[in-house]
>>> print(open('my_file-v6.cif').read())   # mmCIF, C-alpha atoms
data_data
loop_
_atom_site.group_PDB
_atom_site.id
_atom_site.type_symbol
_atom_site.label_atom_id
_atom_site.label_comp_id
_atom_site.auth_asym_id
_atom_site.auth_seq_id
_atom_site.Cartn_x
_atom_site.Cartn_y
_atom_site.Cartn_z
ATOM 1 C CA MET A 1 0.000 0.000 0.000
ATOM 2 C CA ASP A 2 1.140 3.516 -0.782
ATOM 3 C CA LEU A 3 1.482 5.859 2.210
ATOM 4 C CA ARG A 4 -0.134 8.685 0.277
ATOM 5 C CA ASP A 5 -3.144 6.493 -0.515
ATOM 6 C CA LEU A 6 -3.500 5.787 3.204
ATOM 7 C CA GLN A 7 -3.257 9.501 3.987
ATOM 8 C CA TYR A 8 -6.027 10.277 1.493
ATOM 9 C CA PHE A 9 -8.085 7.379 2.835
ATOM 10 C CA GLU A 10 -7.959 8.819 6.366
ATOM 11 C CA VAL A 11 -9.339 12.135 5.129
ATOM 12 C CA MET A 12 -12.129 10.451 3.181
ATOM 13 C CA ALA A 13 -12.986 8.358 6.236
ATOM 14 C CA GLU A 14 -13.095 11.468 8.435
ATOM 15 C CA LEU A 15 -15.241 13.623 6.125
ATOM 16 C CA GLU A 16 -17.452 10.822 4.734
ATOM 17 C CA HIS A 17 -17.800 12.781 1.510
ATOM 18 C CA MET A 18 -15.695 12.502 -1.648
ATOM 19 C CA GLY A 19 -16.254 16.095 -2.739
ATOM 20 C CA ARG A 20 -15.216 17.625 0.591
ATOM 21 C CA ALA A 21 -12.236 15.283 0.789
ATOM 22 C CA ALA A 22 -11.150 16.336 -2.694
ATOM 23 C CA GLU A 23 -11.375 20.018 -1.677
ATOM 24 C CA ARG A 24 -9.287 19.514 1.469
ATOM 25 C CA LEU A 25 -6.651 17.432 -0.292
ATOM 26 C CA HIS A 26 -6.598 19.584 -3.460
ATOM 27 C CA ARG A 27 -7.167 16.509 -5.571
ATOM 28 C CA THR A 28 -9.864 15.573 -8.081
ATOM 29 C CA GLN A 29 -12.625 13.163 -7.178
ATOM 30 C CA PRO A 30 -11.494 10.684 -9.895
ATOM 31 C CA ALA A 31 -8.028 10.688 -8.298
ATOM 32 C CA LEU A 32 -9.549 9.787 -4.923
ATOM 33 C CA THR A 33 -11.744 7.146 -6.530
ATOM 34 C CA SER A 34 -8.600 5.573 -8.017
ATOM 35 C CA CYS A 35 -6.972 5.699 -4.578
ATOM 36 C CA VAL A 36 -9.902 3.804 -3.033
ATOM 37 C CA ARG A 37 -9.814 1.257 -5.864
ATOM 38 C CA ARG A 38 -6.092 0.556 -5.279
ATOM 39 C CA LEU A 39 -6.620 0.115 -1.554
ATOM 40 C CA GLU A 40 -9.614 -2.168 -2.068
ATOM 41 C CA GLU A 41 -7.623 -4.306 -4.492
ATOM 42 C CA ALA A 42 -4.798 -4.551 -1.953
ATOM 43 C CA CYS A 43 -7.206 -5.425 0.879
ATOM 44 C CA GLY A 44 -9.553 -7.628 -1.087
ATOM 45 C CA ALA A 45 -12.614 -5.948 0.417
ATOM 46 C CA ALA A 46 -14.845 -2.927 -0.071
ATOM 47 C CA LEU A 47 -13.845 -0.012 2.172
ATOM 48 C CA PHE A 48 -16.764 2.387 1.660
ATOM 49 C CA GLU A 49 -20.464 2.167 0.968
ATOM 50 C CA LYS A 50 -22.701 4.944 -0.310
ATOM 51 C CA THR A 51 -25.177 6.599 2.046
ATOM 52 C CA GLY A 52 -27.365 9.390 0.709
ATOM 53 C CA ARG A 53 -24.995 11.965 -0.753
ATOM 54 C CA GLY A 54 -22.033 10.747 1.233
ATOM 55 C CA ILE A 55 -20.061 7.616 2.025
ATOM 56 C CA ARG A 56 -19.365 5.595 5.142
ATOM 57 C CA LEU A 57 -16.839 3.001 6.140
ATOM 58 C CA THR A 58 -17.553 -0.700 5.913
ATOM 59 C CA ALA A 59 -16.289 -3.046 8.626
ATOM 60 C CA ALA A 60 -13.144 -3.556 6.528
ATOM 61 C CA GLY A 61 -12.843 0.215 6.169
ATOM 62 C CA HIS A 62 -12.928 0.704 9.932
ATOM 63 C CA ALA A 63 -10.162 -1.876 10.320
ATOM 64 C CA LEU A 64 -8.005 -0.204 7.677
ATOM 65 C CA ARG A 65 -8.566 3.208 9.264
ATOM 66 C CA ARG A 66 -7.070 1.950 12.534
ATOM 67 C CA TRP A 67 -4.036 0.557 10.730
ATOM 68 C CA ALA A 68 -3.678 3.669 8.565
ATOM 69 C CA GLN A 69 -3.606 5.880 11.640
ATOM 70 C CA ARG A 70 -1.055 3.608 13.319
ATOM 71 C CA THR A 71 1.105 3.621 10.178
ATOM 72 C CA ARG A 72 0.964 7.413 9.946
ATOM 73 C CA LEU A 73 1.964 7.812 13.594
ATOM 74 C CA ASP A 74 4.800 5.298 13.188
ATOM 75 C CA VAL A 75 6.129 7.136 10.141
ATOM 76 C CA GLU A 76 5.922 10.477 11.953
ATOM 77 C CA SER A 77 7.664 9.005 15.009
ATOM 78 C CA ALA A 78 10.424 7.520 12.842
ATOM 79 C CA ARG A 79 10.951 10.838 11.084
ATOM 80 C CA ARG A 80 11.170 12.703 14.390
ATOM 81 C CA GLU A 81 13.491 10.172 16.027
ATOM 82 C CA ILE A 82 15.876 10.082 13.065
ATOM 83 C CA GLY A 83 15.851 13.863 12.875
ATOM 84 C CA ASP A 84 16.601 14.167 16.587
ATOM 85 C CA ILE A 85 19.671 11.914 16.499
ATOM 86 C CA GLY A 86 22.643 14.009 17.489
ATOM 87 C CA ARG A 87 20.648 17.218 17.802
ATOM 88 C CA GLY A 88 20.086 17.142 21.583
ATOM 89 C CA LEU A 89 17.276 19.058 23.231
ATOM 90 C CA VAL A 90 15.545 20.611 20.248
ATOM 91 C CA GLY A 91 12.217 20.256 18.497
ATOM 92 C CA HIS A 92 8.551 20.751 19.279
ATOM 93 C CA VAL A 93 6.549 19.150 22.110
ATOM 94 C CA LYS A 94 2.742 19.111 22.159
ATOM 95 C CA LEU A 95 1.396 18.892 25.710
ATOM 96 C CA GLY A 96 -2.193 18.362 26.839
ATOM 97 C CA ILE A 97 -2.771 19.339 30.454
ATOM 98 C CA VAL A 98 -5.695 19.634 32.872
ATOM 99 C CA PRO A 99 -6.523 23.105 34.270
ATOM 100 C CA THR A 100 -5.202 22.703 37.836
ATOM 101 C CA ALA A 101 -1.869 21.356 36.616
ATOM 102 C CA ALA A 102 -1.743 24.088 33.971
ATOM 103 C CA GLN A 103 -2.139 26.749 36.653
ATOM 104 C CA PHE A 104 0.243 25.431 39.289
ATOM 105 C CA LEU A 105 2.637 23.047 37.567
ATOM 106 C CA LEU A 106 3.143 24.299 34.025
ATOM 107 C CA PRO A 107 4.707 27.750 34.725
ATOM 108 C CA PRO A 108 7.799 26.527 36.643
ATOM 109 C CA VAL A 109 8.191 23.542 34.294
ATOM 110 C CA ALA A 110 8.106 25.791 31.217
ATOM 111 C CA ARG A 111 10.553 28.190 32.870
ATOM 112 C CA ASP A 112 13.101 25.431 33.503
ATOM 113 C CA LEU A 113 12.617 23.814 30.097
ATOM 114 C CA ILE A 114 13.240 27.124 28.321
ATOM 115 C CA ALA A 115 16.320 27.776 30.477
ATOM 116 C CA GLU A 116 17.792 24.330 29.739
ATOM 117 C CA ALA A 117 16.694 24.016 26.114
ATOM 118 C CA PRO A 118 15.973 27.386 24.484
ATOM 119 C CA ASP A 119 15.538 25.732 21.071
ATOM 120 C CA VAL A 120 12.592 23.610 22.244
ATOM 121 C CA THR A 121 9.120 24.934 21.463
ATOM 122 C CA LEU A 122 6.095 23.909 23.514
ATOM 123 C CA ARG A 123 2.429 23.949 22.506
ATOM 124 C CA THR A 124 -0.118 23.394 25.267
ATOM 125 C CA HIS A 125 -3.755 22.382 25.106
ATOM 126 C CA VAL A 126 -5.659 22.899 28.382
ATOM 127 C CA ALA A 127 -8.749 20.714 28.836
ATOM 128 C CA LEU A 128 -10.190 17.903 30.930
ATOM 129 C CA VAL A 129 -8.946 14.341 30.495
ATOM 130 C CA ASP A 130 -12.009 13.256 28.496
ATOM 131 C CA ALA A 131 -11.150 15.834 25.849
ATOM 132 C CA LEU A 132 -7.385 15.229 25.920
ATOM 133 C CA THR A 133 -7.415 11.428 25.645
ATOM 134 C CA PRO A 134 -8.678 11.311 22.004
ATOM 135 C CA LEU A 135 -6.019 13.893 21.072
ATOM 136 C CA LEU A 136 -3.293 11.709 22.567
ATOM 137 C CA ARG A 137 -4.633 8.615 20.849
ATOM 138 C CA ALA A 138 -4.705 10.425 17.488
ATOM 139 C CA GLY A 139 -1.173 11.787 17.888
ATOM 140 C CA ASP A 140 -2.324 15.403 18.096
ATOM 141 C CA ILE A 141 -0.492 15.733 21.413
ATOM 142 C CA ASP A 142 2.679 13.955 22.566
ATOM 143 C CA LEU A 143 2.055 13.948 26.319
ATOM 144 C CA MET A 144 -0.987 14.304 28.548
ATOM 145 C CA VAL A 145 -0.892 15.515 32.154
ATOM 146 C CA GLY A 146 -4.138 14.640 33.877
ATOM 147 C CA THR A 147 -5.870 12.726 36.603
ATOM 148 C CA GLU A 148 -5.590 8.970 36.474
ATOM 149 C CA GLY A 149 -8.688 7.154 35.316
ATOM 150 C CA ALA A 150 -9.292 3.740 33.808
ATOM 151 C CA ARG A 151 -6.090 2.458 32.246
ATOM 152 C CA GLU A 152 -6.296 2.240 28.490
ATOM 153 C CA PRO A 153 -4.381 -0.213 26.311
ATOM 154 C CA GLY A 154 -1.640 1.430 24.298
ATOM 155 C CA PHE A 155 -0.843 4.084 26.911
ATOM 156 C CA THR A 156 1.935 4.325 29.495
ATOM 157 C CA SER A 157 1.552 6.559 32.557
ATOM 158 C CA GLN A 158 3.981 7.820 35.177
ATOM 159 C CA LEU A 159 2.764 9.020 38.565
ATOM 160 C CA LEU A 160 3.583 12.659 39.268
ATOM 161 C CA ALA A 161 1.801 13.366 42.566
ATOM 162 C CA GLU A 162 -1.468 13.140 44.432
ATOM 163 C CA ASP A 163 -3.890 16.057 44.503
ATOM 164 C CA THR A 164 -6.524 16.639 47.195
ATOM 165 C CA ILE A 165 -9.919 18.180 46.434
ATOM 166 C CA VAL A 166 -11.735 19.791 49.355
ATOM 167 C CA VAL A 167 -14.801 21.846 50.190
ATOM 168 C CA ALA A 168 -13.824 25.512 50.252
ATOM 169 C CA ALA A 169 -15.529 28.708 51.343
ATOM 170 C CA HIS A 170 -14.712 32.340 51.951
ATOM 171 C CA ALA A 171 -12.862 32.755 55.257
ATOM 172 C CA GLY A 172 -15.841 34.588 56.780
ATOM 173 C CA HIS A 173 -18.424 31.900 55.964
ATOM 174 C CA PRO A 174 -20.767 30.933 58.880
ATOM 175 C CA LEU A 175 -19.703 27.286 58.515
ATOM 176 C CA PHE A 176 -16.452 28.166 60.265
ATOM 177 C CA ASP A 177 -18.422 29.060 63.417
ATOM 178 C CA LYS A 178 -19.002 25.317 63.896
ATOM 179 C CA PRO A 179 -16.109 23.529 65.648
ATOM 180 C CA ARG A 180 -16.539 20.336 63.603
ATOM 181 C CA PRO A 181 -18.826 20.719 60.591
ATOM 182 C CA ALA A 182 -20.177 17.486 59.105
ATOM 183 C CA LEU A 183 -21.403 16.613 55.625
ATOM 184 C CA LYS A 184 -25.038 17.225 56.623
ATOM 185 C CA ASP A 185 -24.136 20.774 57.685
ATOM 186 C CA LEU A 186 -23.412 21.622 54.036
ATOM 187 C CA ALA A 187 -27.008 20.955 52.955
ATOM 188 C CA PRO A 188 -28.445 24.471 53.635
ATOM 189 C CA TRP A 189 -25.799 26.246 51.583
ATOM 190 C CA ARG A 190 -25.578 26.894 47.854
ATOM 191 C CA TRP A 191 -22.603 26.087 45.653
ATOM 192 C CA VAL A 192 -20.556 27.082 42.630
ATOM 193 C CA LEU A 193 -19.424 23.905 40.855
ATOM 194 C CA GLN A 194 -18.354 22.523 37.526
ATOM 195 C CA THR A 195 -21.023 21.080 35.276
ATOM 196 C CA PRO A 196 -22.203 17.449 35.655
ATOM 197 C CA GLY A 197 -19.781 15.066 33.963
ATOM 198 C CA ALA A 198 -16.716 16.745 35.429
ATOM 199 C CA PRO A 199 -15.004 14.121 37.646
ATOM 200 C CA THR A 200 -14.937 16.246 40.811
ATOM 201 C CA ARG A 201 -18.607 17.258 40.422
ATOM 202 C CA ASP A 202 -19.730 13.671 39.895
ATOM 203 C CA TRP A 203 -17.668 12.463 42.889
ATOM 204 C CA LEU A 204 -19.234 15.092 45.155
ATOM 205 C CA ASP A 205 -22.787 14.347 43.991
ATOM 206 C CA GLN A 206 -22.256 10.625 44.548
ATOM 207 C CA THR A 207 -20.827 11.274 48.024
ATOM 208 C CA PHE A 208 -24.044 13.003 49.068
ATOM 209 C CA ASP A 209 -26.041 10.148 47.484
ATOM 210 C CA ARG A 210 -24.126 7.555 49.527
ATOM 211 C CA HIS A 211 -24.916 9.439 52.747
ATOM 212 C CA ASN A 212 -28.614 9.730 51.818
ATOM 213 C CA LEU A 213 -28.353 13.509 51.682
ATOM 214 C CA PRO A 214 -29.707 15.820 48.987
ATOM 215 C CA ARG A 215 -27.156 16.750 46.372
ATOM 216 C CA PRO A 216 -25.574 20.219 46.566
ATOM 217 C CA VAL A 217 -27.836 23.035 45.375
ATOM 218 C CA VAL A 218 -25.790 24.606 42.599
ATOM 219 C CA GLN A 219 -26.456 28.291 42.042
ATOM 220 C CA VAL A 220 -23.592 28.868 39.611
ATOM 221 C CA GLU A 221 -22.208 26.283 37.188
ATOM 222 C CA SER A 222 -18.965 26.952 35.345
ATOM 223 C CA THR A 223 -16.920 25.000 32.846
ATOM 224 C CA MET A 224 -13.995 27.308 33.672
ATOM 225 C CA LEU A 225 -12.320 25.561 36.590
ATOM 226 C CA LEU A 226 -9.826 28.388 37.048
ATOM 227 C CA MET A 227 -12.698 30.817 37.769
ATOM 228 C CA LEU A 228 -13.983 28.930 40.799
ATOM 229 C CA PRO A 229 -11.748 30.471 43.510
ATOM 230 C CA THR A 230 -12.676 33.997 42.400
ATOM 231 C CA LEU A 231 -16.367 33.093 42.246
ATOM 232 C CA ILE A 232 -16.227 31.661 45.772
ATOM 233 C CA GLY A 233 -14.681 34.806 47.138
ATOM 234 C CA GLU A 234 -17.110 37.145 45.374
ATOM 235 C CA THR A 235 -20.352 35.222 45.943
ATOM 236 C CA GLY A 236 -19.912 33.515 49.321
ATOM 237 C CA LEU A 237 -20.891 30.195 47.753
ATOM 238 C CA LEU A 238 -19.280 26.878 48.635
ATOM 239 C CA SER A 239 -17.171 24.998 46.110
ATOM 240 C CA PHE A 240 -15.053 21.884 45.646
ATOM 241 C CA ILE A 241 -11.508 22.674 44.494
ATOM 242 C CA SER A 242 -7.898 21.588 44.785
ATOM 243 C CA ARG A 243 -6.248 22.325 48.108
ATOM 244 C CA LEU A 244 -3.533 24.047 46.080
ATOM 245 C CA HIS A 245 -5.839 27.033 45.637
ATOM 246 C CA LEU A 246 -5.901 27.597 49.384
ATOM 247 C CA GLN A 247 -2.161 27.965 49.863
ATOM 248 C CA ALA A 248 -0.782 31.361 50.870
ATOM 249 C CA GLY A 249 -0.115 33.615 47.907
ATOM 250 C CA ARG A 250 -2.342 31.586 45.598
ATOM 251 C CA SER A 251 -5.593 32.556 43.912
ATOM 252 C CA GLY A 252 -7.630 31.448 46.900
ATOM 253 C CA ALA A 253 -5.664 33.179 49.647
ATOM 254 C CA GLY A 254 -8.942 34.554 51.080
ATOM 255 C CA LEU A 255 -10.501 31.089 51.149
ATOM 256 C CA ARG A 256 -10.439 28.319 53.731
ATOM 257 C CA GLU A 257 -10.956 24.591 53.645
ATOM 258 C CA VAL A 258 -14.102 23.285 55.298
ATOM 259 C CA ALA A 259 -12.462 20.230 56.834
ATOM 260 C CA ILE A 260 -14.870 17.332 56.303
ATOM 261 C CA PRO A 261 -13.137 13.959 55.760
ATOM 262 C CA ALA A 262 -16.198 12.483 54.017
ATOM 263 C CA ALA A 263 -15.998 15.274 51.412
ATOM 264 C CA THR A 264 -12.267 15.028 50.752
ATOM 265 C CA MET A 265 -11.334 13.520 47.389
ATOM 266 C CA ARG A 266 -7.854 12.288 46.544
ATOM 267 C CA ARG A 267 -6.800 11.845 42.945
ATOM 268 C CA ARG A 268 -3.557 10.860 41.252
ATOM 269 C CA LEU A 269 -1.905 13.168 38.754
ATOM 270 C CA VAL A 270 -0.053 11.326 35.971
ATOM 271 C CA VAL A 271 1.748 12.065 32.718
ATOM 272 C CA THR A 272 0.757 9.731 29.885
ATOM 273 C CA TRP A 273 2.084 8.946 26.410
ATOM 274 C CA ARG A 274 1.385 6.397 23.680
ATOM 275 C CA ASP A 275 3.273 3.104 23.906
ATOM 276 C CA SER A 276 3.977 3.164 20.182
ATOM 277 C CA GLY A 277 4.753 6.869 20.025
ATOM 278 C CA TYR A 278 8.215 8.377 19.889
ATOM 279 C CA VAL A 279 9.118 10.233 23.077
ATOM 280 C CA SER A 280 11.740 12.736 21.963
ATOM 281 C CA PRO A 281 14.638 13.844 24.200
ATOM 282 C CA ALA A 282 12.802 17.150 24.707
ATOM 283 C CA ALA A 283 9.624 15.313 25.754
ATOM 284 C CA GLN A 284 11.639 13.061 28.072
ATOM 285 C CA ARG A 285 13.149 16.139 29.724
ATOM 286 C CA LEU A 286 9.690 17.652 30.052
ATOM 287 C CA ILE A 287 8.491 14.491 31.826
ATOM 288 C CA ALA A 288 11.408 14.724 34.265
ATOM 289 C CA LEU A 289 10.682 18.390 34.989
ATOM 290 C CA LEU A 290 7.000 17.644 35.526
ATOM 291 C CA ALA A 291 7.909 14.947 38.065
ATOM 292 C CA ARG A 292 10.350 17.240 39.853
ATOM 293 C CA HIS A 293 7.991 20.169 40.191
ATOM 294 C CA ALA A 294 4.968 18.027 41.032
ATOM 295 C CA GLY A 295 6.944 16.845 44.051
ATOM 296 C CA HIS A 296 7.859 20.414 44.970
ATOM 297 C CA GLU A 297 4.214 21.499 44.748
ATOM 298 C CA ASN A 298 3.237 19.023 47.468
ATOM 299 C CA LEU A 299 -0.039 18.313 45.711
ATOM 300 C CA GLY A 300 -1.233 16.019 48.453
#
>>> encode(input="my_file-v6.cif", output="structure tokens")
Amino acid sequence: MDLRDLQYFEVMAELEHMGRAAERLHRTQPALTSCVRRLEEACGAALFEKTGRGIRLTAAGHALRRWAQRTRLDVESARREIGDIGRGLVGHVKLGIVPTAAQFLLPPVARDLIAEAPDVTLRTHVALVDALTPLLRAGDIDLMVGTEGAREPGFTSQLLAEDTIVVAAHAGHPLFDKPRPALKDLAPWRWVLQTPGAPTRDWLDQTFDRHNLPRPVVQVESTMLLMLPTLIGETGLLSFISRLHLQAGRSGAGLREVAIPAATMRRRLVVTWRDSGYVSPAAQRLIALLARHAGHENLG
């Protein structure tokens, strides 16, 4: 099979339309039809079937798409590895990172990486793990820093640190008048939280469910995790955030932890890469710096 045919095939499989694929690739539709014919002859099976005005993959097409993607990533990895031989810490690293790590861990890591390797360029993509994982699988990012979830085949992870998520409130909140507040004491108060589906939000909701208590009454929902400390301070609402925000000199310096063991969530922060992907010397150094600074941050 020709690598270019596989490249064109991936685009056709993504767009499910010959005309749009031809426009993106700057090729004619007959040229793409010939490409499909060559691949089908090599595979001995039909790869597409017509559907309305478009096309869709057959079972054989889905199988070839997986192998085409793997081949493309292997070729890209080989090109990068060969190019890096003898060049040292140079090149481009694409990093996906969750918001808390982006706020507290990325700045000192980037500072040290630039100081050690000024010829390395770094592109970051800040999002939750659910959004980053497909990017890592597709090769759109080289490394992912996020919270550990279910282990996926084809990925390798290295533990960086543990993070602790706690109930937080403005330092003047009436809850602090109680010597030992319990989970049930949170019920009368309103909250600012991430939207349902975010891991910390779901964990908190399920904690109240397990204790047969009504779920938190959310007055403000935000997909912007980094906004939560400011919203807590300005509104007087409760929230559920990393303990890092409560450290002196941080964004939540005016906030305090409402110490309730039943509402304390511990999560593991890991850096992950593809087993079959090439981890360049620059990416390896970035992993080492992430591990060093995660330890310094005392995320637990």
>>> closest_atom_pairs(input="my_file-v6.cif", of="stretch 33-120 of chain A", to="stretch 127-146 of chain A", cutoff="6 Å", atoms="only C-alpha atoms", output="Markdown table")
| residue | atom | partner | partner_atom | distance |
| --- | --- | --- | --- | --- |
| A:Lys94 | CA | A:Ile141 | CA | 4.7 |
| A:Leu95 | CA | A:Leu143 | CA | 5.0 |
| A:Gly96 | CA | A:Met144 | CA | 4.6 |
| A:Ile97 | CA | A:Val145 | CA | 4.6 |
| A:Val98 | CA | A:Ala127 | CA | 5.2 |
>>> closest_residue(input="my_file-v6.cif", among="A:Ala168, A:Leu122, A:Thr33, A:His17", to="A:Gly236", atoms="all atoms listed in the file")
A:Ala168
>>> resolve_selection(input="my_file-v6.cif", expression="the PyMOL selection byres ((chain A and resi 188) around 10)", output="list in words")
Lys184, Asp185, Leu186, Ala187, Trp189, Arg190, Pro214, Pro216 and Val217 of chain A
>>> write_last_selection(input="my_file-v6.cif", atoms="C-alpha atoms", output="short mmCIF file (atom, residue, chain, number, x, y, z; two decimals), in the frame of the given file")
data_model
loop_
_atom_site.label_atom_id
_atom_site.label_comp_id
_atom_site.auth_asym_id
_atom_site.auth_seq_id
_atom_site.Cartn_x
_atom_site.Cartn_y
_atom_site.Cartn_z
CA LYS A 184 -25.04 17.23 56.62
CA ASP A 185 -24.14 20.77 57.68
CA LEU A 186 -23.41 21.62 54.04
CA ALA A 187 -27.01 20.96 52.96
CA TRP A 189 -25.80 26.25 51.58
CA ARG A 190 -25.58 26.89 47.85
CA PRO A 214 -29.71 15.82 48.99
CA PRO A 216 -25.57 20.22 46.57
CA VAL A 217 -27.84 23.04 45.38
#
>>> residues_around(input="my_file-v6.cif", residues="A:Ala169", least_positions_apart="2", cutoff="10 Å", atoms="only C-alpha atoms", output="list in words")
Val166, Val167, Ala171, Gly172, His173, Pro174, Leu175, Phe176, Trp191, Pro229, Ile232, Gly233, Thr235, Gly236, Leu237, Leu238, Ser239, Phe240, Ile241, Leu246, Gly252, Gly254, Leu255, Arg256, Glu257 and Val258 of chain A
>>> closest_residue(input="my_file-v6.cif", among="A:Ser157, A:Val120, A:Gln284, A:Asp5", to="A:Ser34", atoms="all atoms listed in the file")
A:Asp5
>>> atom_distance(input="my_file-v6.cif", atom1="atom CA of A:Pro261", atom2="atom CA of A:Ser222")
24.9 Å
>>> residues_around(input="my_file-v6.cif", residues="A:Leu6", least_positions_apart="5", cutoff="10 Å", atoms="all atoms listed in the file", output="list in words")
Met1, Val11, Met12, Cys35, Val36, Leu39, Leu64, Arg65, Trp67, Ala68, Gln69, Thr71 and Arg72 of chain A
>>> write_last_selection(input="my_file-v6.cif", atoms="C-alpha atoms", output="mmCIF file, keeping the file's coordinate frame")
data_model
loop_
_atom_site.group_PDB
_atom_site.id
_atom_site.type_symbol
_atom_site.label_atom_id
_atom_site.label_comp_id
_atom_site.auth_asym_id
_atom_site.auth_seq_id
_atom_site.Cartn_x
_atom_site.Cartn_y
_atom_site.Cartn_z
ATOM 1 C CA MET A 1 0.000 0.000 0.000
ATOM 2 C CA VAL A 11 -9.339 12.135 5.129
ATOM 3 C CA MET A 12 -12.129 10.451 3.181
ATOM 4 C CA CYS A 35 -6.972 5.699 -4.578
ATOM 5 C CA VAL A 36 -9.902 3.804 -3.033
ATOM 6 C CA LEU A 39 -6.620 0.115 -1.554
ATOM 7 C CA LEU A 64 -8.005 -0.204 7.677
ATOM 8 C CA ARG A 65 -8.566 3.208 9.264
ATOM 9 C CA TRP A 67 -4.036 0.557 10.730
ATOM 10 C CA ALA A 68 -3.678 3.669 8.565
ATOM 11 C CA GLN A 69 -3.606 5.880 11.640
ATOM 12 C CA THR A 71 1.105 3.621 10.178
ATOM 13 C CA ARG A 72 0.964 7.413 9.946
#
>>> atom_distance(input="my_file-v6.cif", atom1="atom CA of A:Arg215", atom2="atom CA of A:Ala263")
12.3 Å
>>> residues_around(input="my_file-v6.cif", residues="A:Ala59", least_positions_apart="6", cutoff="10 Å", atoms="all atoms listed in the file", output="VMD selection string")
chain A and resid 45 to 48 65
>>> atom_distance(input="my_file-v6.cif", atom1="atom CA of A:Pro108", atom2="atom CA of A:Ala294")
10.0 Å
>>> closest_residue(input="my_file-v6.cif", among="A:His92, A:Arg38, A:Asp209, A:Arg53", to="A:Pro118", atoms="all atoms listed in the file")
A:His92
>>> resolve_selection(input="my_file-v6.cif", expression="the PyMOL selection byres ((chain A and resi 22) around 12)", output="count of residues only")
23
>>> closest_residue(input="my_file-v6.cif", among="A:Asp205, A:Ile260, A:Asp74, A:Gly54", to="A:Lys178", atoms="only C-alpha atoms")
A:Ile260
>>> closest_residue(input="my_file-v6.cif", among="A:Leu106, A:Val75, A:Val218, A:Ala13", to="A:Glu49", atoms="only C-alpha atoms")
A:Ala13
>>> build_atoms(input="my_file-v6.cif", residues="stretch 14-25 of chain A", atoms="N, CA and C atoms", output="PDB file, keeping the file's coordinate frame")
ATOM      1  N   GLU A  14     -12.699  10.424   7.483  1.00  0.00           N
ATOM      2  CA  GLU A  14     -13.095  11.468   8.435  1.00  0.00           C
ATOM      3  C   GLU A  14     -14.280  12.281   7.933  1.00  0.00           C
ATOM      4  N   LEU A  15     -14.228  12.716   6.666  1.00  0.00           N
ATOM      5  CA  LEU A  15     -15.241  13.623   6.125  1.00  0.00           C
ATOM      6  C   LEU A  15     -16.480  12.905   5.594  1.00  0.00           C
ATOM      7  N   GLU A  16     -16.346  11.626   5.262  1.00  0.00           N
ATOM      8  CA  GLU A  16     -17.452  10.822   4.734  1.00  0.00           C
ATOM      9  C   GLU A  16     -18.118  11.490   3.532  1.00  0.00           C
ATOM     10  N   HIS A  17     -17.270  12.109   2.703  1.00  0.00           N
ATOM     11  CA  HIS A  17     -17.800  12.781   1.510  1.00  0.00           C
ATOM     12  C   HIS A  17     -16.645  12.974   0.529  1.00  0.00           C
ATOM     13  N   MET A  18     -16.793  12.440  -0.675  1.00  0.00           N
ATOM     14  CA  MET A  18     -15.695  12.502  -1.648  1.00  0.00           C
ATOM     15  C   MET A  18     -15.401  13.938  -2.080  1.00  0.00           C
ATOM     16  N   GLY A  19     -16.462  14.727  -2.282  1.00  0.00           N
ATOM     17  CA  GLY A  19     -16.254  16.095  -2.739  1.00  0.00           C
ATOM     18  C   GLY A  19     -15.497  16.932  -1.725  1.00  0.00           C
ATOM     19  N   ARG A  20     -15.906  16.843  -0.449  1.00  0.00           N
ATOM     20  CA  ARG A  20     -15.216  17.625   0.591  1.00  0.00           C
ATOM     21  C   ARG A  20     -13.787  17.134   0.788  1.00  0.00           C
ATOM     22  N   ALA A  21     -13.593  15.813   0.677  1.00  0.00           N
ATOM     23  CA  ALA A  21     -12.236  15.283   0.789  1.00  0.00           C
ATOM     24  C   ALA A  21     -11.358  15.794  -0.348  1.00  0.00           C
ATOM     25  N   ALA A  22     -11.911  15.845  -1.549  1.00  0.00           N
ATOM     26  CA  ALA A  22     -11.150  16.336  -2.694  1.00  0.00           C
ATOM     27  C   ALA A  22     -10.760  17.801  -2.497  1.00  0.00           C
ATOM     28  N   GLU A  23     -11.680  18.606  -1.931  1.00  0.00           N
ATOM     29  CA  GLU A  23     -11.375  20.018  -1.677  1.00  0.00           C
ATOM     30  C   GLU A  23     -10.249  20.159  -0.650  1.00  0.00           C
ATOM     31  N   ARG A  24     -10.323  19.394   0.439  1.00  0.00           N
ATOM     32  CA  ARG A  24      -9.287  19.514   1.469  1.00  0.00           C
ATOM     33  C   ARG A  24      -7.928  19.069   0.947  1.00  0.00           C
ATOM     34  N   LEU A  25      -7.917  18.006   0.181  1.00  0.00           N
ATOM     35  CA  LEU A  25      -6.651  17.432  -0.292  1.00  0.00           C
ATOM     36  C   LEU A  25      -6.141  18.085  -1.577  1.00  0.00           C
TER      37      LEU A  25
END
